[in-house]
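The structure file my_file.tsv is reproduced below (TSV, C-alpha atoms).
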```tsv
chain	number	residue	atom	x	y	z
W	1	MET	CA	20.78	-6.32	10.09
W	2	ALA	CA	17.87	-8.59	9.22
W	3	GLU	CA	15.27	-7.03	6.95
W	4	ARG	CA	12.06	-6.00	8.71
W	5	HIS	CA	8.70	-5.51	7.09
W	6	ARG	CA	7.88	-1.90	6.28
W	7	TYR	CA	4.64	-0.45	5.02
W	8	THR	CA	4.92	1.54	1.80
W	9	ALA	CA	4.18	5.26	1.53
W	10	ALA	CA	0.89	4.39	-0.17
W	11	GLN	CA	-0.03	2.04	2.67
W	12	LEU	CA	0.85	4.66	5.28
W	13	GLU	CA	-1.46	7.13	3.52
W	14	GLN	CA	-4.23	4.52	3.72
W	15	TYR	CA	-3.44	4.10	7.41
W	16	PHE	CA	-3.65	7.87	7.97
W	17	ASP	CA	-7.08	7.82	6.31
W	18	ARG	CA	-8.10	4.93	8.56
W	19	ILE	CA	-7.19	6.78	11.78
W	20	ALA	CA	-8.70	10.08	10.54
W	21	LEU	CA	-5.38	11.93	10.65
W	22	PRO	CA	-5.74	15.35	8.93
W	23	ARG	CA	-3.71	15.69	5.73
W	24	SER	CA	-2.01	18.81	7.09
W	25	LYS	CA	-0.54	16.76	9.94
W	26	ARG	CA	0.72	13.76	7.97
W	27	ILE	CA	4.45	13.04	7.93
W	28	LEU	CA	5.79	10.00	6.11
W	29	HIS	CA	9.22	9.96	7.76
W	30	VAL	CA	10.38	11.48	11.04
W	31	THR	CA	14.13	11.53	10.34
W	32	ASP	CA	14.31	15.29	9.74
W	33	LEU	CA	12.07	16.26	12.68
W	34	SER	CA	13.48	17.79	15.85
W	35	ASP	CA	13.22	15.71	19.01
W	36	ASP	CA	10.33	17.86	20.27
W	37	ASP	CA	8.44	17.57	16.98
W	38	ARG	CA	9.08	13.83	16.85
W	39	LEU	CA	7.61	13.39	20.33
W	40	ALA	CA	4.62	15.58	19.48
W	41	TYR	CA	3.98	13.49	16.35
W	42	LEU	CA	4.27	10.28	18.37
W	43	ASN	CA	1.66	11.61	20.83
W	44	LEU	CA	-0.64	12.53	17.95
W	45	LEU	CA	-0.36	9.12	16.32
W	46	GLN	CA	-0.94	7.33	19.62
W	47	LYS	CA	-4.12	9.33	20.31
W	48	HIS	CA	-5.58	8.53	16.90
W	49	GLU	CA	-4.53	4.89	17.19
W	50	LEU	CA	-6.14	4.43	20.62
W	51	CYS	CA	-9.41	6.01	19.50
W	52	LYS	CA	-9.68	4.40	16.06
W	53	VAL	CA	-8.04	0.95	16.37
W	54	PRO	CA	-9.69	-0.89	19.28
W	55	TRP	CA	-8.34	-3.64	21.44
W	56	GLU	CA	-10.72	-6.48	20.56
W	57	ASN	CA	-10.96	-10.24	20.16
W	58	LEU	CA	-13.75	-10.41	17.58
W	59	THR	CA	-11.94	-12.75	15.18
W	60	GLN	CA	-12.05	-15.42	17.86
W	61	HIS	CA	-15.87	-15.22	17.87
W	62	TYR	CA	-17.18	-13.58	14.70
W	63	SER	CA	-15.29	-15.55	12.06
W	64	TRP	CA	-15.71	-18.96	10.51
W	65	HIS	CA	-11.97	-19.74	10.75
W	66	ARG	CA	-11.02	-18.15	14.15
W	67	VAL	CA	-7.38	-17.90	13.03
W	68	ILE	CA	-5.25	-15.06	14.44
W	69	ASN	CA	-2.43	-14.08	12.08
W	70	VAL	CA	0.08	-11.56	13.47
W	71	LYS	CA	2.21	-11.03	10.38
W	72	PRO	CA	2.40	-7.33	9.38
W	73	GLN	CA	0.87	-7.61	5.92
W	74	HIS	CA	-2.10	-9.60	7.20
W	75	LEU	CA	-2.59	-7.10	10.04
W	76	PHE	CA	-2.64	-4.25	7.53
W	77	ASN	CA	-5.21	-6.06	5.39
W	78	LYS	CA	-7.36	-6.77	8.45
W	79	ILE	CA	-7.22	-3.37	10.16
W	80	VAL	CA	-6.81	-0.69	7.50
W	81	PRO	CA	-9.47	-1.44	4.87
W	82	HIS	CA	-12.06	-2.46	7.48
W	83	ALA	CA	-13.38	0.49	9.50
W	84	GLY	CA	-13.38	-0.09	13.22
W	85	ARG	CA	-11.37	-3.30	13.36
W	86	GLY	CA	-8.36	-3.71	15.61
W	87	GLY	CA	-7.12	-6.79	17.41
W	88	TYR	CA	-5.85	-8.20	20.66
W	89	CYS	CA	-2.46	-7.13	22.00
W	90	MET	CA	-0.25	-9.15	19.64
W	91	GLU	CA	-2.19	-7.82	16.67
W	92	ALA	CA	-2.71	-4.19	17.71
W	93	ASN	CA	0.79	-3.59	19.06
W	94	HIS	CA	2.64	-5.48	16.30
W	95	PHE	CA	0.64	-3.52	13.73
W	96	PHE	CA	1.40	-0.17	15.39
W	97	HIS	CA	5.06	-1.16	15.76
W	98	THR	CA	5.27	-1.75	12.01
W	99	VAL	CA	3.69	1.66	11.38
W	100	LEU	CA	6.18	3.40	13.70
W	101	PHE	CA	9.13	1.51	12.23
W	102	SER	CA	7.99	2.38	8.71
W	103	LEU	CA	7.82	6.07	9.69
W	104	GLY	CA	11.43	5.99	10.90
W	105	PHE	CA	10.96	5.95	14.67
W	106	THR	CA	13.61	4.22	16.77
W	107	CYS	CA	11.44	1.51	18.26
W	108	TYR	CA	11.16	-2.13	19.23
W	109	MET	CA	8.70	-4.51	20.85
W	110	ALA	CA	9.15	-5.91	24.35
W	111	GLY	CA	7.46	-8.85	26.06
W	112	ALA	CA	5.22	-8.36	29.09
W	113	ARG	CA	3.64	-10.46	31.84
W	114	ILE	CA	0.10	-9.57	32.94
W	115	HIS	CA	-0.48	-9.12	36.68
W	116	ARG	CA	-3.02	-11.69	37.90
W	117	GLY	CA	-3.58	-10.41	41.42
W	118	GLU	CA	-2.10	-11.50	44.74
W	119	ASP	CA	1.36	-10.37	43.55
W	120	LEU	CA	1.37	-13.03	40.82
W	121	TYR	CA	2.28	-12.49	37.18
W	122	GLY	CA	1.57	-14.77	34.25
W	123	GLY	CA	3.94	-15.72	31.46
W	124	TRP	CA	4.90	-13.81	28.32
W	125	THR	CA	1.38	-13.28	26.96
W	126	HIS	CA	1.52	-9.54	26.24
W	127	VAL	CA	3.66	-7.24	24.13
W	128	VAL	CA	4.31	-3.48	24.28
W	129	ASN	CA	6.14	-0.92	22.16
W	130	LEU	CA	9.17	1.05	23.30
W	131	VAL	CA	10.16	4.17	21.34
W	132	THR	CA	13.36	6.11	22.00
W	133	ILE	CA	13.50	9.89	21.44
W	134	ALA	CA	16.43	12.02	22.64
W	135	GLY	CA	17.72	9.16	24.76
W	136	VAL	CA	14.40	8.65	26.58
W	137	LYS	CA	12.39	5.45	26.15
W	138	TYR	CA	8.60	5.77	25.97
W	139	LEU	CA	6.09	3.01	26.65
W	140	LEU	CA	3.20	2.70	24.18
W	141	ASP	CA	0.45	0.12	24.46
W	142	GLY	CA	-2.69	0.01	22.32
W	143	GLY	CA	-3.56	-3.54	23.27
W	144	PHE	CA	-4.33	-3.60	26.98
W	145	GLY	CA	-7.66	-1.94	27.66
W	146	PRO	CA	-9.01	1.07	29.58
W	147	GLN	CA	-6.24	1.04	32.23
W	148	GLY	CA	-3.47	1.10	29.62
W	149	PRO	CA	-1.23	4.09	28.84
W	150	SER	CA	-3.29	6.89	27.25
W	151	ARG	CA	-0.19	8.53	25.76
W	152	PRO	CA	3.53	7.71	25.40
W	153	LEU	CA	4.81	7.24	28.95
W	154	PRO	CA	8.48	7.90	29.76
W	155	VAL	CA	10.12	4.77	31.12
W	156	THR	CA	11.42	6.63	34.17
W	157	ALA	CA	11.03	5.00	37.57
W	158	GLY	CA	8.37	6.52	39.81
W	159	GLU	CA	7.41	9.47	37.58
W	160	SER	CA	3.59	9.56	37.59
W	161	GLN	CA	1.47	11.11	34.85
W	162	THR	CA	-2.25	11.59	34.29
W	163	GLN	CA	-3.74	8.60	32.49
W	164	ILE	CA	-7.38	9.71	32.12
W	165	GLU	CA	-8.20	12.29	34.76
W	166	PRO	CA	-8.37	11.60	37.70
W	167	ALA	CA	-6.53	8.29	37.09
W	168	GLN	CA	-2.74	8.18	37.02
W	169	MET	CA	-0.08	5.93	35.52
W	170	ARG	CA	3.61	5.30	36.11
W	171	VAL	CA	6.37	2.72	35.78
W	172	VAL	CA	8.63	1.48	38.56
W	173	HIS	CA	11.81	-0.57	38.34
W	174	GLU	CA	11.57	-3.37	40.89
W	175	PRO	CA	11.75	-7.14	41.29
W	176	ILE	CA	8.51	-9.09	41.14
W	177	PRO	CA	7.70	-11.47	44.04
W	178	GLN	CA	8.05	-14.62	41.91
W	179	MET	CA	11.72	-13.96	41.15
W	180	LEU	CA	14.13	-16.11	43.13
W	181	ASP	CA	16.86	-13.51	42.70
W	182	GLN	CA	15.37	-10.36	44.24
W	183	SER	CA	18.36	-8.30	43.09
W	184	GLN	CA	16.89	-8.43	39.57
W	185	ARG	CA	14.83	-5.47	38.38
W	186	ILE	CA	12.09	-5.31	35.76
W	187	TRP	CA	9.85	-2.48	34.62
W	188	ILE	CA	6.32	-2.56	36.06
W	189	TYR	CA	3.47	-0.50	34.63
W	190	GLN	CA	1.07	0.65	37.38
W	191	HIS	CA	-2.29	2.43	37.42
W	192	ARG	CA	-4.42	4.07	40.11
W	193	ASN	CA	-7.90	5.59	39.89
W	194	GLU	CA	-7.05	8.84	41.69
W	195	ASP	CA	-4.04	10.59	43.18
W	196	SER	CA	-4.80	9.31	46.69
W	197	GLY	CA	-5.51	5.76	45.53
W	198	LYS	CA	-3.35	2.66	45.72
W	199	TRP	CA	-1.02	1.90	42.84
W	200	ILE	CA	-2.10	-1.35	41.15
W	201	PRO	CA	0.36	-3.26	38.96
W	202	MET	CA	-1.03	-3.98	35.49
W	203	TYR	CA	1.91	-5.80	33.94
W	204	CYS	CA	5.70	-6.00	33.99
W	205	PHE	CA	7.82	-5.73	30.87
W	206	THR	CA	11.40	-6.30	29.87
W	207	HIS	CA	13.75	-3.74	28.33
W	208	GLU	CA	15.02	-6.41	25.93
W	209	GLU	CA	13.76	-6.58	22.35
W	210	PHE	CA	11.26	-9.22	21.30
W	211	LEU	CA	11.44	-10.26	17.66
W	212	PRO	CA	8.57	-10.77	15.21
W	213	THR	CA	9.20	-14.50	15.52
W	214	ASP	CA	8.64	-14.18	19.29
W	215	ILE	CA	5.28	-12.53	18.60
W	216	VAL	CA	4.29	-15.41	16.31
W	217	SER	CA	5.15	-17.90	19.07
W	218	MET	CA	3.40	-15.88	21.80
W	219	ASN	CA	0.32	-15.52	19.62
W	220	MET	CA	-0.68	-19.11	20.27
W	221	ALA	CA	-1.03	-18.84	24.06
W	222	PRO	CA	-4.41	-17.07	24.45
W	223	TRP	CA	-6.18	-19.35	21.98
W	224	LEU	CA	-4.89	-22.69	23.29
W	225	SER	CA	-5.86	-22.09	26.93
W	226	THR	CA	-9.41	-22.72	28.14
W	227	ASN	CA	-8.68	-20.58	31.22
W	228	THR	CA	-8.50	-17.29	29.36
W	229	PHE	CA	-11.60	-15.13	28.87
W	230	PHE	CA	-10.62	-14.66	25.21
W	231	THR	CA	-12.22	-17.97	24.27
W	232	HIS	CA	-15.63	-17.42	25.87
W	233	LYS	CA	-16.17	-13.66	26.10
W	234	VAL	CA	-16.38	-10.91	23.47
W	235	VAL	CA	-14.47	-7.73	24.35
W	236	ALA	CA	-13.73	-4.44	22.59
W	237	VAL	CA	-12.21	-1.24	23.99
W	238	ARG	CA	-11.43	2.09	22.41
W	239	PHE	CA	-10.48	5.42	23.95
W	240	THR	CA	-12.65	8.52	23.48
W	241	THR	CA	-11.96	12.25	23.29
W	242	SER	CA	-13.51	15.28	24.96
W	243	SER	CA	-14.92	16.40	21.59
W	244	GLU	CA	-17.17	13.34	21.23
W	245	PRO	CA	-20.81	14.14	22.15
W	246	ASP	CA	-22.26	12.45	25.23
W	247	ASP	CA	-25.41	11.33	23.44
W	248	GLU	CA	-23.87	9.86	20.29
W	249	PRO	CA	-20.34	8.52	20.64
W	250	GLY	CA	-19.27	6.75	17.48
W	251	SER	CA	-16.04	5.90	15.73
W	252	PRO	CA	-14.54	9.45	15.81
W	253	GLN	CA	-13.73	11.49	12.72
W	254	GLU	CA	-11.19	14.30	12.30
W	255	ALA	CA	-13.05	16.95	14.31
W	256	ALA	CA	-13.22	14.72	17.39
W	257	PHE	CA	-9.44	14.68	17.71
W	258	GLU	CA	-9.27	18.36	18.53
W	259	GLY	CA	-10.16	17.22	22.05
W	260	GLU	CA	-7.95	15.27	24.47
W	261	VAL	CA	-8.40	11.65	25.49
W	262	ASP	CA	-10.97	11.76	28.30
W	263	GLY	CA	-12.45	8.27	28.57
W	264	SER	CA	-13.00	4.80	27.15
W	265	LEU	CA	-15.78	2.71	25.68
W	266	THR	CA	-15.65	-0.87	26.95
W	267	LEU	CA	-17.74	-3.70	25.54
W	268	ASN	CA	-17.55	-6.69	27.90
W	269	GLN	CA	-19.63	-9.58	26.56
W	270	ASP	CA	-23.22	-8.34	27.11
W	271	VAL	CA	-22.54	-4.87	28.59
W	272	LEU	CA	-21.23	-1.67	27.02
W	273	LYS	CA	-19.95	1.07	29.35
W	274	TRP	CA	-18.59	4.52	28.64
W	275	ARG	CA	-16.49	6.17	31.34
W	276	ARG	CA	-15.33	9.79	31.05
W	277	ARG	CA	-12.96	11.40	33.57
W	278	GLY	CA	-13.61	8.68	36.14
W	279	ARG	CA	-17.42	8.71	35.85
W	280	LYS	CA	-19.73	6.27	34.11
W	281	VAL	CA	-21.82	8.26	31.63
W	282	MET	CA	-23.46	5.41	29.74
W	283	GLU	CA	-24.28	1.73	30.24
W	284	VAL	CA	-26.12	-0.53	27.79
W	285	LYS	CA	-27.15	-4.11	28.55
W	286	PHE	CA	-27.63	-6.45	25.59
W	287	THR	CA	-30.36	-9.09	25.64
W	288	ASN	CA	-29.41	-10.75	22.36
W	289	ASP	CA	-26.51	-10.88	19.94
W	290	GLY	CA	-28.21	-8.65	17.39
W	291	GLU	CA	-28.16	-5.76	19.86
W	292	ARG	CA	-24.45	-6.22	20.44
W	293	VAL	CA	-23.74	-6.33	16.70
W	294	LEU	CA	-25.61	-3.03	16.27
W	295	ALA	CA	-23.62	-1.49	19.15
W	296	LEU	CA	-20.32	-2.58	17.60
W	297	GLU	CA	-21.33	-0.79	14.41
W	298	LYS	CA	-22.66	2.32	16.16
W	299	TYR	CA	-19.89	2.87	18.71
W	300	PHE	CA	-16.88	1.26	17.01
W	301	GLY	CA	-17.76	1.38	13.30
W	302	ILE	CA	-17.41	-2.42	13.03
W	303	THR	CA	-19.53	-4.50	10.64
W	304	PHE	CA	-19.45	-8.20	9.80
W	305	ALA	CA	-20.12	-10.41	6.80
W	306	GLU	CA	-23.13	-12.70	7.10
W	307	GLU	CA	-20.98	-15.83	7.43
W	308	ASP	CA	-19.08	-14.24	10.33
W	309	LEU	CA	-22.34	-13.42	12.12
W	310	ASP	CA	-23.33	-17.07	11.74
W	311	ALA	CA	-20.03	-18.22	13.26
W	312	ILE	CA	-20.88	-17.12	16.80
W	313	LYS	CA	-24.24	-18.89	16.97
W	314	GLY	CA	-24.35	-21.52	19.69
W	315	SER	CA	-20.93	-20.58	21.09
W	316	ALA	CA	-20.02	-19.36	24.57
W	317	GLY	CA	-19.50	-15.87	23.21
W	318	GLU	CA	-23.05	-15.44	21.87
W	319	VAL	CA	-25.37	-13.17	23.87
W	320	GLY	CA	-28.49	-15.12	24.82
W	321	GLY	CA	-27.30	-18.27	23.11
W	322	LYS	CA	-27.61	-21.85	24.26
W	323	ALA	CA	-24.05	-21.76	25.54
W	324	MET	CA	-25.24	-19.20	28.12
W	325	GLY	CA	-28.08	-21.44	29.26
W	326	VAL	CA	-30.84	-19.88	27.14
W	327	ASP	CA	-33.09	-22.11	25.08
```
Could I get this file's structure written as structure tokens?
Amino acid sequence: MAERHRYTAAQLEQYFDRIALPRSKRILHVTDLSDDDRLAYLNLLQKHELCKVPWENLTQHYSWHRVINVKPQHLFNKIVPHAGRGGYCMEANHFFHTVLFSLGFTCYMAGARIHRGEDLYGGWTHVVNLVTIAGVKYLLDGGFGPQGPSRPLPVTAGESQTQIEPAQMRVVHEPIPQMLDQSQRIWIYQHRNEDSGKWIPMYCFTHEEFLPTDIVSMNMAPWLSTNTFFTHKVVAVRFTTSSEPDDEPGSPQEAAFEGEVDGSLTLNQDVLKWRRRGRKVMEVKFTNDGERVLALEKYFGITFAEEDLDAIKGSAGEVGGKAMGVD
């Protein structure tokens, strides 16, 4: 078997600090855990990961180099020492995969195609994690956004679960319309806003393993295309818990994780929204880039070096900049 990168015990302890995991709940290897305890630990890690490591594309805008490196050691150096930072799907999910693999989980990455509407799917531009416990595969995805899985989801066709109440999530095993051979089946992750709502496909994913070299190759796609929003819009999403106060949500610390996942904070270019249990409880409109930078620090714990703040000036991603038609 080819050697895979593993984080050391010291690095995993740094990671636990980064995601505010209490010392009493830290386990460095899951081999000796029962299946039930292993699943409970996986749920715990996923909750902390979703709330502390955001899905974001800030390197593409707030950096002088704009280079996205998806190798595990670089991802550790980017995410762990720097409070609040995460990455887009190839970064966030490859990083979490390496954590899970280092802890001894039976896991692998799988490629996914994002649903584009009108029953059309794109190419392999997304990646998810699949973890097997007691013969059951679970879907984990920390790199999709507010409609993504809020906890490990059994890859069992048609079995719906609560995503963030009242929203629901499930996977189905069906062909997609673009397939010439409709006898083929692929897993499709779906989401709906309430139990009487219509199921909307988010993405389809394969059961076959994607290698780290596949992730390196797939990493190029979002940055080479001018059609993707990644190149002209700043985004950041993290999940929130019921223990976070309505008036002052911030990057949560240990006490906040006593609550369950109940919402998400979404920064979409010049607007920040917080939705909890299907309701919008906060909306902030930015009039300049300085306001957005302050919001990233306040609500995500993210700060930038001065040279990285300079990098966005005059670009399409700047709030109120010339690229947006403002003199």
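Taking CA of Met109 (chain W) and CA of Ile133 (chain W) as endpoints, the distance between them is 15.2 Å.
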Find the residue from W:Leu130, W:Cys89, W:Met202, W:Leu58 that sits nearest to Gly117 (chain W); use all atoms listed in the file when measuring.
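Answer, going by the shortest atom-to-atom distance: W:Met202.
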Could you check the closest approach to Phe101 (chain W) for each of W:Cys51, W:Leu28, W:Thr125, W:Tyr62 and tell me which residue wins, using only C-alpha atoms?
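Using only C-alpha atoms, Phe101 (chain W) sits closest to W:Leu28.
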Counting only C-alpha atoms, what is within 10 Å of Asn129 (chain W), bar same-chain residues fewer than 4 positions away, as a ChimeraX atom specification?
/W:93-94,96-97,100,107-111,137-142,152,209-210
Restricting the calculation to all atoms listed in the file: of W:Phe95, W:Trp124, W:Tyr189, W:Trp64, which residue gets closest to Pro154 (chain W)?
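Among the listed residues, W:Tyr189 lies closest to Pro154 (chain W).
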May I have a table of the residues of region 72-172 of chain W lying at most 8 Å from region 286-309 of chain W, giving each one's closest pair of atoms and their distance in Å to one decimal, counting only C-alpha atoms, ordered by chain and ascending residue number, as JSON lines?
```
{"residue": "W:His82", "atom": "CA", "partner": "W:Ile302", "partner_atom": "CA", "distance": 7.7}
{"residue": "W:Ala83", "atom": "CA", "partner": "W:Gly301", "partner_atom": "CA", "distance": 5.9}
{"residue": "W:Gly84", "atom": "CA", "partner": "W:Gly301", "partner_atom": "CA", "distance": 4.6}
{"residue": "W:Arg85", "atom": "CA", "partner": "W:Ile302", "partner_atom": "CA", "distance": 6.1}
```
Find the residues near Gly259 (chain W): any atom within 10 Å, counting all atoms listed in the file, skip ones fewer than 2 places away on the same chain, and give them as a ChimeraX atom specification.
/W:240-244,255-257,261-262
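Picture a line from CA of Gln168 (chain W) to CA of Pro201 (chain W); it runs 12.0 Å.
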